Amino acid sequence: MIHSLAKIFIRNSEQTGDPAVRRAWGALCGAVGILLNLLLTAAKLLAGALSGSIAITADALNNLSDALSSAIALVGFRLSARKPDRDHPYGHRRYEYIAGLIVSLAILLMGANLARSCVARILAPEPVEFALLPACILGASILVKLYMALYNRAIGREIRSATLAATATDSLSDAVATTAVLVSMLIARFTGANIDAWAGAAVSLLILWAGVQSLRETISPLLGSAPDPDFVRKVEEIVTSCPEVLGMHDLMVHDYGAGRTVISLHAEVRADGELMALHEAIDRLERRLREELDCSATIHMDPVSAGAESRALRQRIEADIRAALGEGITLHDFRLEPGELSFDAALPYELKLSDEEALRELQRIARENCPDRELEIDVDRQ
């Protein structure tokens, strides 16, 4: 259904890299989510009234909160589409992450309120009546929620939306929760055991768990999470494919929301190369990164020693570092000049030594391999 609606309401719907198309997909998913959740709310309120089940009524309120969450997500997509301005030169794409955060908090609040109501019903049980209509409503609700989880997850991945990913998680947890409520009704019908309040409590725990997972997914990009390894690999492939580049390091990826990625890196080039030719090669690399990976790239050019003596010395020092400190430490900006040896060392986060301890060990290794030169060594974390 969602793709049929997209063909009607979204022009060039397959071009998800276009900000306007992406915004339209978000608006469509939000509108469909609001409509379906409002329909489910009305149907479950009826089913809860007919059966006297607190679990069904709580599930109805869950769907009402989902409708509100979809409305928040819809607003988030509209705000994130605002153009960059003087105060926000990188745009407003992170509004979408904020919307996902609000959705996650709404899920947690609803789960906590539901848990409180179910505990009260456990302490003071009330009879629950089985009826065919409420059971059919719950069965239909499960199917609808599974469909919502599938389309939100698929489209969320396609347009790289944290908000739709959070909505998909919520929809899946709703389907599981409603299944638990339906099972409790069937148990009451065939065994006479009233576990309605316990089923409601299980629903609340599932909702709380979904809220926590959703919260983690939306907070991570706001805090500044590590970049996608596949994106890093593509950057490295493009940069190192340039004949003028000997190596790269200090890649930094700044995510300002889907479609607004800013990267910077250092590219090592021969110190004795022709300056203008190297500069043109770096410019070509920046354009290629922008065109192929849809990011704004700035490359700092690092001249390094590329002679035979320098290469041999670097290989010996790297081998001694691996033997003394293990794998994972990388060297860059390696320069062998008259009277001086300088390089930077990037330490993995897993290395137990402090930066000061690692620096002393690196100085010892470098001095053993090159005793006749002054040392200039800097360390940082990868």
# chains A, B, ... in the order shown; residues from 1 in each chain; ligands from 1
$ select_by_dssp --residues "region 114-251 of chain A" --states "helix (DSSP H, G or I)" --output "JSON, numbers by chain"
{"A": [114, 115, 116, 117, 118, 119, 120, 121, 122, 123, 132, 133, 134, 135, 136, 137, 138, 139, 140, 141, 142, 143, 144, 145, 146, 147, 148, 149, 150, 151, 152, 153, 154, 155, 156, 157, 158, 159, 162, 163, 164, 165, 166, 167, 168, 169, 170, 171, 172, 173, 174, 175, 176, 177, 178, 179, 180, 181, 182, 183, 184, 185, 186, 187, 188, 189, 190, 191, 196, 197, 198, 199, 200, 201, 202, 203, 204, 205, 206, 207, 208, 209, 210, 211, 212, 213, 214, 215, 216, 217, 218, 219, 220, 221, 222, 223, 229, 230, 231, 232, 233, 234, 235, 236, 237, 238, 239, 240]}
$ residues_around --residues "Thr298 (chain A)" --least-positions-apart "3" --cutoff "8 Å" --atoms "only C-alpha atoms" --output "PyMOL selection string"
chain A and resi 263-265+286
$ select_by_dssp --residues "region 182-370 of chain A" --states "strand (DSSP E)" --output "ChimeraX atom specification"
/A:247-255,261-270,295-304,330-337,340-347
$ closest_residue --among "A:Glu244, A:Leu325, A:Leu359, A:Asp320" --to "Gly273 (chain A)" --atoms "only C-alpha atoms"
A:Glu244
$ residues_around --residues "Asp302 (chain A)" --least-positions-apart "2" --cutoff "8 Å" --atoms "only C-alpha atoms" --output "PDB file with N, CA and C atoms, in the first residue's frame"
ATOM      1  N   HIS A 266      43.740  13.691   6.179  1.00  0.00           N
ATOM      2  CA  HIS A 266      45.087  14.050   5.765  1.00  0.00           C
ATOM      3  C   HIS A 266      45.548  13.029   4.724  1.00  0.00           C
ATOM      4  N   ALA A 267      46.052  13.522   3.602  1.00  0.00           N
ATOM      5  CA  ALA A 267      46.569  12.659   2.540  1.00  0.00           C
ATOM      6  C   ALA A 267      48.074  12.853   2.443  1.00  0.00           C
ATOM      7  N   GLU A 268      48.827  11.760   2.518  1.00  0.00           N
ATOM      8  CA  GLU A 268      50.285  11.835   2.436  1.00  0.00           C
ATOM      9  C   GLU A 268      50.727  11.834   0.976  1.00  0.00           C
ATOM     10  N   VAL A 269      51.605  12.765   0.638  1.00  0.00           N
ATOM     11  CA  VAL A 269      52.154  12.873  -0.716  1.00  0.00           C
ATOM     12  C   VAL A 269      53.676  12.993  -0.617  1.00  0.00           C
ATOM     13  N   HIS A 300      43.689  17.715   3.800  1.00  0.00           N
ATOM     14  CA  HIS A 300      44.952  18.375   4.125  1.00  0.00           C
ATOM     15  C   HIS A 300      46.086  17.558   3.519  1.00  0.00           C
ATOM     16  N   VAL A 304      55.586  13.827   2.903  1.00  0.00           N
ATOM     17  CA  VAL A 304      56.347  12.856   3.697  1.00  0.00           C
ATOM     18  C   VAL A 304      57.567  12.399   2.910  1.00  0.00           C
ATOM     19  N   ASP A 333      52.711  10.818   8.798  1.00  0.00           N
ATOM     20  CA  ASP A 333      53.565  12.022   8.758  1.00  0.00           C
ATOM     21  C   ASP A 333      55.021  11.678   9.075  1.00  0.00           C
TER      22      ASP A 333
END
$ closest_residue --among "A:Leu336, A:Ser354, A:Ile195, A:Ser241" --to "Glu309 (chain A)" --atoms "only C-alpha atoms"
A:Leu336
$ closest_residue --among "A:Leu105, A:Ile122, A:Cys29, A:Ala201" --to "Ala71 (chain A)" --atoms "only C-alpha atoms"
A:Cys29
$ decode --residues "region 95-120 of chain A" --atoms "C-alpha atoms" --output "JSON list (two decimals), in the first residue's frame"
[["chain", "number", "residue", "atom", "x", "y", "z"],
["A", 95, "TYR", "CA", 15.73, 17.97, 14.02],
["A", 96, "GLU", "CA", 14.87, 14.50, 12.79],
["A", 97, "TYR", "CA", 17.04, 12.95, 15.49],
["A", 98, "ILE", "CA", 15.33, 15.15, 18.08],
["A", 99, "ALA", "CA", 11.95, 13.95, 16.82],
["A", 100, "GLY", "CA", 13.13, 10.35, 17.19],
["A", 101, "LEU", "CA", 14.26, 11.15, 20.73],
["A", 102, "ILE", "CA", 10.81, 12.52, 21.61],
["A", 103, "VAL", "CA", 9.18, 9.40, 20.13],
["A", 104, "SER", "CA", 11.44, 7.23, 22.31],
["A", 105, "LEU", "CA", 10.59, 9.19, 25.46],
["A", 106, "ALA", "CA", 6.87, 8.92, 24.64],
["A", 107, "ILE", "CA", 7.24, 5.14, 24.37],
["A", 108, "LEU", "CA", 8.95, 4.99, 27.78],
["A", 109, "LEU", "CA", 6.33, 7.20, 29.43],
["A", 110, "MET", "CA", 3.47, 5.15, 28.05],
["A", 111, "GLY", "CA", 5.15, 1.89, 29.12],
["A", 112, "ALA", "CA", 5.66, 3.17, 32.67],
["A", 113, "ASN", "CA", 2.01, 4.29, 32.99],
["A", 114, "LEU", "CA", 0.79, 0.98, 31.63],
["A", 115, "ALA", "CA", 2.97, -0.96, 34.09],
["A", 116, "ARG", "CA", 1.49, 1.01, 37.00],
["A", 117, "SER", "CA", -2.08, 0.27, 35.86],
["A", 118, "CYS", "CA", -1.36, -3.43, 35.43],
["A", 119, "VAL", "CA", 0.18, -3.72, 38.90],
["A", 120, "ALA", "CA", -2.98, -2.18, 40.34]]
